[in-house]
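Structure data follow from input_3.cif (mmCIF, C-alpha atoms):
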```
data_input
loop_
_atom_site.label_atom_id
_atom_site.label_comp_id
_atom_site.auth_asym_id
_atom_site.auth_seq_id
_atom_site.Cartn_x
_atom_site.Cartn_y
_atom_site.Cartn_z
CA MET O 1 -29.11 -65.09 25.49
CA ILE O 2 -28.27 -61.40 25.24
CA ILE O 3 -29.68 -59.52 22.29
CA ASN O 4 -28.77 -55.96 21.56
CA PRO O 5 -29.54 -54.12 18.32
CA ILE O 6 -26.10 -52.47 18.43
CA PRO O 7 -23.54 -54.82 16.83
CA SER O 8 -20.97 -56.04 19.35
CA THR O 9 -18.22 -55.30 16.82
CA ILE O 10 -18.92 -51.57 17.12
CA ASN O 11 -17.37 -49.51 19.87
CA VAL O 12 -19.92 -46.71 19.98
CA GLN O 13 -17.87 -44.35 22.10
CA ASP O 14 -14.74 -44.75 19.98
CA LEU O 15 -16.66 -44.23 16.76
CA LEU O 16 -18.37 -41.13 18.14
CA LYS O 17 -15.03 -39.76 19.33
CA LYS O 18 -13.41 -40.30 15.96
CA GLY O 19 -16.34 -38.72 14.15
CA GLU O 20 -16.23 -35.68 16.40
CA GLU O 21 -12.46 -35.34 15.91
CA ILE O 22 -12.89 -35.37 12.13
CA TYR O 23 -15.64 -32.80 12.42
CA GLN O 24 -13.69 -30.46 14.69
CA GLN O 25 -10.35 -30.79 12.87
CA GLU O 26 -11.45 -30.92 9.22
CA LEU O 27 -15.10 -30.13 8.68
CA LYS O 28 -16.11 -27.40 11.11
CA SER O 29 -14.22 -24.69 9.29
CA ILE O 30 -15.64 -25.82 5.94
CA LEU O 31 -19.25 -26.35 6.99
CA GLU O 32 -19.90 -23.64 9.58
CA PRO O 33 -21.64 -21.28 9.50
CA GLY O 34 -22.87 -21.70 5.92
CA ASN O 35 -24.53 -25.05 6.57
CA ASN O 36 -25.66 -24.51 10.15
CA GLY O 37 -28.83 -26.45 10.91
CA LYS O 38 -28.14 -29.09 8.28
CA TYR O 39 -26.74 -32.53 9.11
CA VAL O 40 -23.52 -34.28 8.22
CA ALA O 41 -22.92 -38.04 8.11
CA ILE O 42 -19.24 -38.92 8.48
CA GLU O 43 -17.64 -42.19 7.36
CA ALA O 44 -14.83 -42.31 9.88
CA GLN O 45 -12.47 -44.66 8.06
CA SER O 46 -12.34 -42.78 4.76
CA ARG O 47 -13.06 -39.42 6.47
CA LYS O 48 -15.63 -38.68 3.75
CA TYR O 49 -18.75 -36.76 4.62
CA PHE O 50 -22.26 -36.29 3.26
CA LEU O 51 -24.75 -33.52 3.88
CA GLY O 52 -28.53 -33.47 4.20
CA ASP O 53 -31.28 -31.17 5.37
CA THR O 54 -32.21 -33.90 7.84
CA LYS O 55 -30.18 -36.58 9.56
CA GLU O 56 -32.01 -39.24 7.55
CA GLU O 57 -31.14 -37.50 4.29
CA ALA O 58 -27.46 -37.26 5.20
CA VAL O 59 -27.33 -40.96 6.11
CA ALA O 60 -29.25 -41.98 2.96
CA GLU O 61 -26.73 -40.06 0.85
CA ALA O 62 -23.80 -41.63 2.70
CA LYS O 63 -25.27 -45.13 2.22
CA LYS O 64 -25.25 -44.66 -1.56
CA ASN O 65 -21.45 -44.58 -1.34
CA PHE O 66 -20.89 -46.84 1.64
CA PRO O 67 -23.86 -49.22 1.90
CA ASP O 68 -22.41 -51.33 4.71
CA LYS O 69 -20.83 -48.73 6.95
CA ILE O 70 -22.05 -47.16 10.16
CA PHE O 71 -21.86 -43.39 10.10
CA VAL O 72 -21.43 -40.72 12.71
CA THR O 73 -24.10 -38.06 12.34
CA ARG O 74 -23.94 -34.55 13.65
CA ARG O 75 -26.03 -31.43 13.37
CA ILE O 76 -23.87 -28.68 11.90
CA GLY O 77 -23.52 -25.87 14.40
CA GLU O 78 -25.43 -26.47 17.62
CA ILE O 79 -25.98 -30.00 18.90
CA GLU O 80 -29.25 -31.68 17.91
CA LYS O 81 -32.15 -31.49 20.34
CA ILE O 82 -34.20 -34.67 20.69
CA ALA O 83 -37.97 -34.86 21.18
CA SER O 84 -39.48 -35.89 24.49
CA TYR O 85 -40.44 -39.48 23.56
CA SER O 86 -36.75 -40.35 23.24
CA GLN O 87 -35.87 -38.77 26.56
CA GLU O 88 -35.69 -41.90 28.65
CA PHE O 89 -32.10 -42.55 27.87
CA THR O 90 -30.42 -45.85 28.56
CA PRO O 91 -26.63 -45.66 28.65
CA PRO O 92 -24.93 -47.14 25.57
CA SER O 93 -23.36 -49.96 27.55
CA PHE O 94 -26.79 -51.51 28.13
CA SER O 95 -27.80 -55.00 27.17
CA TYR O 96 -31.09 -56.84 27.36
CA ASP O 97 -31.63 -60.38 28.45
CA TRP O 98 -34.06 -62.01 26.16
CA VAL O 99 -35.03 -65.61 26.35
CA LEU O 100 -35.83 -66.93 22.89
CA MET B 1 -56.69 -45.88 4.04
CA ILE B 2 -54.09 -46.77 6.64
CA GLY B 3 -54.90 -44.20 9.28
CA TYR B 4 -57.52 -44.06 12.02
CA PHE B 5 -58.24 -42.47 15.36
CA ASP B 6 -57.73 -44.85 18.24
CA ALA B 7 -60.96 -45.04 20.27
CA GLU B 8 -58.97 -45.77 23.45
CA ASP B 9 -56.74 -42.70 23.52
CA GLY B 10 -58.28 -40.54 20.79
CA LYS B 11 -54.93 -40.22 19.00
CA PRO B 12 -54.27 -40.63 15.27
CA LYS B 13 -52.63 -43.94 14.40
CA VAL B 14 -51.30 -45.45 11.19
CA VAL B 15 -50.82 -49.09 10.25
CA LEU B 16 -47.41 -49.98 8.85
CA SER B 17 -45.37 -53.03 7.98
CA VAL B 18 -41.69 -52.87 8.87
CA LYS B 19 -38.86 -55.12 7.81
CA GLY B 20 -35.16 -55.31 8.66
CA THR B 21 -32.55 -57.83 7.61
CA LYS B 22 -34.62 -60.82 8.67
CA ARG B 23 -37.29 -62.17 6.34
CA LYS B 24 -39.92 -61.49 8.90
CA GLU B 25 -42.16 -58.53 8.29
CA LYS B 26 -43.91 -57.01 11.26
CA GLN B 27 -47.16 -55.12 11.15
CA LEU B 28 -47.53 -52.41 13.76
CA THR B 29 -49.56 -49.35 14.56
CA ALA B 30 -47.66 -46.11 14.99
CA LEU B 31 -48.77 -42.91 16.63
CA PHE B 32 -48.92 -40.26 13.93
CA ASP B 33 -47.06 -37.30 15.39
CA THR B 34 -47.10 -34.21 13.18
CA GLY B 35 -44.37 -32.72 15.38
CA HIS B 36 -41.98 -35.59 14.71
CA SER B 37 -39.01 -34.21 12.80
CA GLY B 38 -37.99 -37.58 11.34
CA SER B 39 -39.67 -40.44 9.50
CA LEU B 40 -40.14 -43.08 12.12
CA SER B 41 -39.15 -44.00 15.67
CA LEU B 42 -39.33 -47.65 16.62
CA PRO B 43 -39.19 -49.31 20.04
CA ILE B 44 -35.98 -51.21 20.70
CA PHE B 45 -37.69 -54.61 20.78
CA ASP B 46 -39.30 -54.07 17.38
CA LEU B 47 -35.86 -53.24 15.95
CA ILE B 48 -34.47 -56.43 17.45
CA GLU B 49 -37.39 -58.52 16.22
CA ILE B 50 -37.05 -57.46 12.59
CA GLY B 51 -33.24 -57.49 12.65
CA ALA B 52 -32.85 -53.85 11.68
CA LYS B 53 -29.34 -52.84 10.69
CA LEU B 54 -27.61 -49.99 12.49
CA ALA B 55 -26.91 -47.15 10.04
CA SER B 56 -25.63 -44.29 12.18
CA ILE B 57 -24.94 -42.96 15.64
CA GLY B 58 -24.80 -39.39 16.79
CA ARG B 59 -24.80 -37.27 19.91
CA ALA B 60 -27.98 -35.43 20.78
CA GLN B 61 -29.29 -33.37 23.66
CA TYR B 62 -32.45 -34.32 25.52
CA ALA B 63 -35.04 -31.90 26.83
CA ASP B 64 -33.56 -32.02 30.33
CA GLY B 65 -30.11 -31.09 29.04
CA ARG B 66 -28.51 -34.52 29.16
CA ILE B 67 -26.38 -35.58 26.21
CA GLY B 68 -27.24 -38.99 24.80
CA ILE B 69 -26.75 -41.04 21.68
CA ASP B 70 -29.29 -41.20 18.88
CA TYR B 71 -29.22 -44.41 16.86
CA LEU B 72 -30.64 -44.71 13.33
CA PHE B 73 -31.51 -48.07 11.80
CA SER B 74 -32.27 -48.94 8.18
CA VAL B 75 -35.82 -50.19 7.92
CA LYS B 76 -38.10 -51.00 5.00
CA VAL B 77 -41.59 -49.66 5.56
CA LYS B 78 -44.73 -50.60 3.67
CA PHE B 79 -47.94 -48.60 3.70
CA ASN B 80 -50.70 -47.85 1.21
CA GLY B 81 -49.17 -50.38 -1.18
CA ILE B 82 -45.79 -48.66 -1.41
CA GLU B 83 -42.49 -49.68 0.13
CA LYS B 84 -39.68 -47.33 1.05
CA GLU B 85 -36.45 -47.58 2.96
CA VAL B 86 -36.11 -45.12 5.81
CA GLU B 87 -33.73 -44.46 8.66
CA ALA B 88 -35.69 -45.09 11.84
CA SER B 89 -34.53 -43.79 15.18
CA MET B 90 -34.48 -46.14 18.14
CA ILE B 91 -36.74 -45.49 21.14
CA GLN B 92 -34.31 -46.55 23.82
CA ASN B 93 -36.64 -46.88 26.76
CA PRO B 94 -37.60 -50.59 26.73
CA GLN B 95 -40.88 -49.76 28.44
CA VAL B 96 -42.07 -47.75 25.43
CA THR B 97 -43.78 -50.05 22.95
CA GLN B 98 -45.49 -47.44 20.77
CA ALA B 99 -43.89 -46.66 17.41
CA ILE B 100 -44.07 -43.04 16.27
CA ALA B 101 -44.44 -41.94 12.67
CA GLY B 102 -43.64 -38.47 11.39
CA VAL B 103 -44.94 -36.65 8.32
CA GLN B 104 -41.66 -37.25 6.49
CA LEU B 105 -42.46 -40.96 6.33
CA PHE B 106 -45.53 -40.41 4.19
CA SER B 107 -43.99 -38.27 1.48
CA PRO B 108 -45.26 -37.88 -1.29
CA PHE B 109 -48.62 -38.20 0.50
CA ILE B 110 -50.24 -35.35 2.37
CA ALA B 111 -51.93 -36.21 5.64
CA LEU B 112 -55.36 -34.78 6.22
CA ILE B 113 -56.45 -34.97 9.83
CA ASP B 114 -60.09 -34.24 10.59
CA PHE B 115 -60.13 -33.90 14.36
CA ARG B 116 -63.83 -33.13 14.51
CA ASN B 117 -64.88 -36.28 12.69
CA LYS B 118 -61.90 -38.31 13.91
CA LYS B 119 -60.65 -39.20 10.45
CA LEU B 120 -57.15 -39.48 9.07
CA ASN B 121 -56.53 -39.69 5.34
CA LEU B 122 -53.39 -39.82 3.26
CA ILE B 123 -53.72 -38.39 -0.21
CA LYS B 124 -51.32 -37.47 -2.98
CA GLU B 125 -50.92 -33.76 -3.62
CA ASN B 126 -52.15 -34.03 -7.20
CA ASP B 127 -55.28 -35.89 -6.08
CA LEU B 128 -55.90 -33.26 -3.44
CA ARG B 129 -55.68 -30.48 -6.05
CA LYS B 130 -58.24 -32.29 -8.18
CA LYS B 131 -60.65 -32.36 -5.27
CA LEU B 132 -60.26 -28.66 -4.46
#
```
Take the structure in the file and give it back as structure tokens.
Amino acid sequence: MIINPIPSTINVQDLLKKGEEIYQQELKSILEPGNNGKYVAIEAQSRKYFLGDTKEEAVAEAKKNFPDKIFVTRRIGEIEKIASYSQEFTPPSFSYDWVL
Amino acid sequence: MIGYFDAEDGKPKVVLSVKGTKRKEKQLTALFDTGHSGSLSLPIFDLIEIGAKLASIGRAQYADGRIGIDYLFSVKVKFNGIEKEVEASMIQNPQVTQAIAGVQLFSPFIALIDFRNKKLNLIKENDLRKKL
């Protein structure tokens, strides 16, 4: 049995691409440079967005309006840098075999 | 008190209970990392075990320059008798089994780390002011 915490109904790459398109086409000119360093959570279907000082804050704000959606997050301005303990990256197409 | 210094590695640890969409609640010890910018990072198998719900995805750059995806999951966390919902990031390397807690998780508590005496205490700001 294959168990993966990422729902199979979600196409991660497509969702990321759509989120980035919305950011580049509609949000970049509004949010940069005044909000650089903050985070935005984008609901790709409605194209609505929510801001936060941290990624968690932006997502928490977005969940108040869309409790069941999956958001695309982005650091406003430069891309987010991730700490070393998350470095060992497994490509998003991974799956794990787990015998239950 | 939920914090202690691990005698094996000498690092500060905190005891937490985490819960996802399943009824099961899991107790775990997390490394308390004052440099952690978020609330909590959980190993992938812990997220699977508790049935944590995916909340967001986003591109991020790793220390070596590679671009990866950062996943946040909605998790309920219990500590010191309080429960809060946080967005926990996924530790994607399946070999990493250590959860990591950041200072943001413990708000409104302030963490006092006594490295000399190997003690870790969480205290509310008002209570700390009373002691000073």
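Run against this file, the PyMOL selection byres ((chain B and resi 105) around 8) gives back Gly38, Ser39, Leu40, Val86, Ala101, Gly102, Val103, Gln104, Phe106 and Ser107 of chain B.
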(request) Tell me which protein, DNA and RNA residues are within 12 Å of O:Glu26, counting only C-alpha atoms, leaving out same-chain ones fewer than 4 positions away, and put them as a ChimeraX atom specification. (result) /O:18-22,30-32,42,44,47-49
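Nearest to chain B of all the residues O:Glu56, O:Thr9, O:Glu43, O:Glu61 is O:Glu56, based on only C-alpha atoms.
We find atom CA of B:Val18 and atom CA of B:Ile50 to be spaced 7.5 Å apart.
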(message) Please check the contacts: residues of chain B at most 9 Å away from chain O, using all atoms listed in the file, listed as a PyMOL selection string.
(response) chain B and resi 35-39+41+44-45+47-48+51-66+68-72+86-88+90-94+96+100
(message) At a cut-off of 12 Å, using only C-alpha atoms, what residues contact B:Gly3? Leave out same-chain residues fewer than 6 positions from it and give the result as a ChimeraX atom specification.
(response) /B:11-16,28-32,79-80,101,106,111-114,118-123
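For the pair atom CA of B:Lys26 and atom CA of B:Lys124, the separation is 25.3 Å.
The interatomic distance for the pair atom CA of B:Glu25 and atom CA of B:Glu83 works out to 12.0 Å.
Compared by their closest atoms to B:Glu49, and using all atoms listed in the file, the residues B:Ala7, B:Ile67, B:Leu128, B:Val75 rank with B:Val75 nearest.
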Residues in the PyMOL selection byres ((chain O and resi 51) around 7), expressed as a PDB file with C-alpha atoms, in the coordinates of the input:
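This went into out-v1.pdb:
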```
ATOM      1  CA  TYR O  39     -26.740 -32.530   9.110  1.00  0.00           C
ATOM      2  CA  VAL O  40     -23.520 -34.280   8.220  1.00  0.00           C
ATOM      3  CA  ALA O  41     -22.920 -38.040   8.110  1.00  0.00           C
ATOM      4  CA  TYR O  49     -18.750 -36.760   4.620  1.00  0.00           C
ATOM      5  CA  PHE O  50     -22.260 -36.290   3.260  1.00  0.00           C
ATOM      6  CA  GLY O  52     -28.530 -33.470   4.200  1.00  0.00           C
ATOM      7  CA  ALA O  58     -27.460 -37.260   5.200  1.00  0.00           C
TER       8      ALA O  58
END
```
Stretch 66-73 of chain O: axis-aligned bounding box, 6 Å on each side, centre and edge lengths in Å, one decimal, as AutoDock Vina command-line options:
```
--center_x -22.5 --center_y -44.7 --center_z 7.2 --size_x 15.3 --size_y 25.3 --size_z 23.1
```
